[in-house]
Each structure stands twice: as C-alpha cells, then as structure tokens.
Amino acid sequence: MARNQNNIGTKMQSNTGKIKPGAGRTKKKKFKNSRLFKILRIALVLIILLFIINIISDLFHKNSDKITLVIGENKISLKHDVLLDEYNNFYLSLDDMANIYDANIYYSNDTIITTYNKHIAVLKMDKTTMSINDTVTEINGTLKKKDGIVYLPFSDMELVYDFEYLYNKDEKVLIVDSLSDSKSEAIVLKNCKLKNGTGFFDKKLEKVKKSEVVTVLGVEGKYTKVRTNSGNVGFVKTKKLDKVQVKREKMDEENITNIKVLDEYSVVDSTYGALESNDSATQITIPKLYNILEDFSVKNTMDLSGAKFTSYKEWANNNNVLISAVVSMDASMNKLCSSFDTRTYVINSIYIDVIKNQLTSVCIDFDSIDDTEGFYRFIIEMVPRFKEAGIKVFVKYKDGMNKERLNKIVDYVIE
C-alpha cells in the first residue's frame, strides 16, 4: 500500500514538476498564427508607414520654393503659385483673387475693377498707381502678366480688401488676417508641443518656443487652439500660455433682415399723421426722387430742399421711417454700362445729391433692363461708394433678376 502511494506521488511530481519538450514553442506558434497577432503586425506596419510619410512630407515642404498662403486658420488651396518679386511684393493671380475676395472682379482692356466692402479699386496694367474710391494712391507693385496669367499686387491690395499680412521667410508662409475679424494673442511661457488635436496620440506639428507670440483661436478644456508664426494651427496646453490679450474686436455690421414698405406713404406729402411703431420690421417709404436721363444726367423729380420734402423728412424721422429714394431710369442700360467712366459718372452724380440732401438710403427701380450683366455691374460698383458713407442700397425686384446674386451685393431686395 505504501509502495502504491509512493508511485502515485512520483507520478504527480512527474506531471507537475516537468514541462513537456516543445510546449513553449507551441504557444508562441499559436500566438503568431492568431488573429490578434496579425492585427498588431498590420497596425505596426501602418504606424511606421505614417511616420515615414510625415517625414517625407515635412522634408518636401521645407525644400519647396512655393509660398503657402494661410488666411485666418485655413491653408488656402491656390490655382496658381504666389509670386514674390525682388522688392518683396507678393502677387496673386486674378483667378485666386476672385475665389478668395471678389467673385465679381472685372478684367477688360488691361484694367481691373474690384470691389470689397466699402472700396472700389481700379488698377491698370504695369501702372504704379491704384484708384480707390476715386482717390489715386501710389502702390509698390503693379498689375502684371506672367505666362499669360494676370496677377494682382497682393501686398498693395490690403488697402482694398481690409487685411493685414505677415511673411515668415524661413517657412515660406504668408499669413493673412481680416481687419474686420477679432484677434487675440498670447505669449508662450515654456517650450511646448503644438499638436493637431488634444488626444495623447495626436500628431505633433511643431515645437513652439518660449516667448513666441501665438494667435489664439479658441479654448477647449485644458487646451488652447492657436496659430503659430509658421502658419500651423493646432493645440497647446493652456497652462503653457500667458494671459490672452485681445488685439482687435470683431466689427459687426448692421444688417437689415426684414422690411415693410409703406406704399401708401411713398408719395411725398406734408399731411401724414403719426404711425404705430413696428418692432418686427424696418418701415420704409420709396418715393421717386431721382431719374437717370438719356444723356446720363441725374434729375431730381422734386425740390428736395423745399418745404414739402423737408416736412416729409421730419414726419419720417418722428415715426422711425426710413426714406429710400427711388432711382429710376430713362436711359438705356446697355449704353449706360458701355464704359466704366460712364457708370462712375452716374453713380457719383446720385451720390453727391444724396449726401447733399442727407438721405440715408436709395432704391434702384429700373423698369426696363436691356443689359442684365450691365445692370449687375452698375450695382456692384455703386454699393461700395454708398456704403462708405453709411448709405443703404436696395433694389426693387423685377422678373428675370437673380435674387440670390443680388442679395450678396445689396443691403436688401424689395419684392
């Protein structure tokens, strides 16, 4: 009996104390053939490939002679390269300017006419002057052609398109900010990483050095979204930044979103009584006050300095009613729009009289439009001139007009 127990103990010791030859290799072989191992191997290969691609991409960017354009927090895709001349003037192509700033930019006979906000500018090929709202200004660059492509002197267009720019020569990055947008900055307190996200595994974009000034774009928890002087946009830890300094507040424009036309009060009269207030809409009248004659002169339909119209203006002011002076036309739109000089003459004639009589709005109401594109061109060039003086421009809608296009140009389309 004792012998049997010893034999059992020996067998147990044999089974538990010794490992069968090849058992470890079998487990490793099973792991290598497992689905998990294959997934990990593929993931590792992908990580290595991404790492190599990022290195090649960074090297290519650093060795490229192309200038990168950054506007706000966006890298802009361009149709043509940014040009830089020996005098450090930057140039953007006509196509790119149209895509970025002025979809209605006009080019003919080696002349550019471009509008933006309160500005209308005229540039002529190879001339070192530019007309802005009829004022001639000296510029450093010129309108020019290269390989059949028209280029505008981007450095000088800051006067028209209301922007500021900074060029990082080392990184070949041109950074542009709109003067109508807000801007905040902060000083970096310690060297830190700029990453493309707030996660642990997000890509490092660059190392930001202590004392560098970064543009602050927003705050997300413990991280702040910034743009560096290299034009890179990403996230740094908020504690790495000094107090944010507001450099410029956003410029908000007063937009008219709803209009109520008081047709029954649109005939000039001095006997109208008090009106009930209307908080839901801007109340306006549209009296016919101007007419463009066939010789392109602009005629008043009544004496705007007389007692009758003066009384009418007082009634409108007392009742919070906006008078929008209707401009009608006997002349041919096709003839009116035949040249920039003719258009400018008519626009300035209306503008001078509107200012003289202290009106704050005009309404374009042309019964016959024999040149649709010419009509849009007239409005496009008229709006900035009037906007500069705070004068609203409305258009009375007619069949065949492109309302969506007009809404992008004028203050309001009256239907």
# chains A, B, ... in the order shown; residues from 1 in each chain; ligands from 1
>>> select_by_dssp(residues="segment 92-271 of chain A", states="alpha helix (DSSP H)", output="JSON, numbers by chain")
{"A": [94, 95, 96, 97, 98, 99, 100, 158, 159, 160, 161]}
>>> write_last_selection(atoms="C-alpha atoms", output="PDB file, in the first residue's frame")
ATOM      1  CA  LEU A  94      -6.743  87.024 -60.929  1.00  0.00           C
ATOM      2  CA  ASP A  95      -8.431  83.617 -60.584  1.00  0.00           C
ATOM      3  CA  ASP A  96      -7.301  83.210 -56.981  1.00  0.00           C
ATOM      4  CA  MET A  97      -8.327  86.764 -56.044  1.00  0.00           C
ATOM      5  CA  ALA A  98     -11.775  86.066 -57.484  1.00  0.00           C
ATOM      6  CA  ASN A  99     -12.076  82.842 -55.470  1.00  0.00           C
ATOM      7  CA  ILE A 100     -10.914  84.410 -52.204  1.00  0.00           C
ATOM      8  CA  GLU A 158      -4.604  95.235 -48.223  1.00  0.00           C
ATOM      9  CA  LEU A 159      -5.901  98.784 -48.790  1.00  0.00           C
ATOM     10  CA  VAL A 160      -8.878  97.396 -50.708  1.00  0.00           C
ATOM     11  CA  TYR A 161      -9.621  94.043 -49.088  1.00  0.00           C
TER      12      TYR A 161
END
>>> residues_around(residues="segment 407-409 of chain A", least_positions_apart="4", cutoff="8 Å", atoms="only C-alpha atoms", output="list of chain:residue names")
A:Ile379, A:Ile380, A:Val383, A:Lys403, A:Val413
>>> write_last_selection(atoms="C-alpha atoms", output="mmCIF file, in the first residue's frame")
data_model
loop_
_atom_site.group_PDB
_atom_site.id
_atom_site.type_symbol
_atom_site.label_atom_id
_atom_site.label_comp_id
_atom_site.auth_asym_id
_atom_site.auth_seq_id
_atom_site.Cartn_x
_atom_site.Cartn_y
_atom_site.Cartn_z
ATOM 1 C CA ILE A 379 -24.940 97.825 -58.776
ATOM 2 C CA ILE A 380 -21.647 96.127 -57.859
ATOM 3 C CA VAL A 383 -22.693 99.745 -53.421
ATOM 4 C CA LYS A 403 -32.306 87.360 -56.327
ATOM 5 C CA VAL A 413 -34.038 93.142 -52.297
#
>>> residues_around(residues="segment 186-191 of chain A", least_positions_apart="5", cutoff="7 Å", atoms="only C-alpha atoms", output="list in words")
Val208, Lys209, Lys210, Ser211, Glu212, Val213, Val214, Thr215, Val216, Lys240, Leu241, Asp242, Lys243, Val244 and Gln245 of chain A
>>> residues_around(residues="Asp134 of chain A", least_positions_apart="4", cutoff="12 Å", atoms="only C-alpha atoms", output="VMD selection string")
chain A and resid 113 119 to 123 129 to 130 341 344 to 345 347 to 348 381 384 to 385
>>> residues_around(residues="segment 143-150 of chain A", least_positions_apart="6", cutoff="12 Å", atoms="only C-alpha atoms", output="PyMOL selection string")
chain A and resi 79-83+85+89-98+106-113+122-130+156-157
>>> closest_atom_pairs(of="segment 105-187 of chain A", to="segment 65-71 of chain A", cutoff="7 Å", atoms="only C-alpha atoms", output="CSV")
residue,atom,partner,partner_atom,distance
A:Lys172,CA,A:Ile67,CA,5.0
A:Val173,CA,A:Thr68,CA,4.7
A:Leu174,CA,A:Leu69,CA,4.9
A:Ile175,CA,A:Val70,CA,4.8
A:Val176,CA,A:Ile71,CA,4.7
A:Asp177,CA,A:Ile71,CA,5.9
>>> closest_residue(among="A:Ile355, A:Val261, A:Met382, A:Met401", to="Lys118 of chain A", atoms="only C-alpha atoms")
A:Met382
>>> residues_around(residues="Glu314 of chain A", least_positions_apart="3", cutoff="12 Å", atoms="only C-alpha atoms", output="list in words")
Val268, Asp269, Ser270, Thr271, Tyr272, Gly273, Ala274, Ala307, Lys308, Phe309, Thr310, Ser311, Asn317, Asn318, Asn319, Asn320, Val321, Leu322 and Ile323 of chain A
>>> closest_residue(among="A:Glu220, A:Leu46, A:Ser180, A:Lys237", to="Lys195 of chain A", atoms="only C-alpha atoms")
A:Lys237
>>> atom_distance(atom1="atom CA of Arg405 of chain A", atom2="atom CA of Phe340 of chain A")
20.9 Å
>>> atom_distance(atom1="atom CA of Glu171 of chain A", atom2="atom CA of Tyr223 of chain A")
25.0 Å
>>> closest_residue(among="A:Phe163, A:Tyr412, A:Tyr151, A:Phe375", to="Lys392 of chain A", atoms="only C-alpha atoms")
A:Tyr412
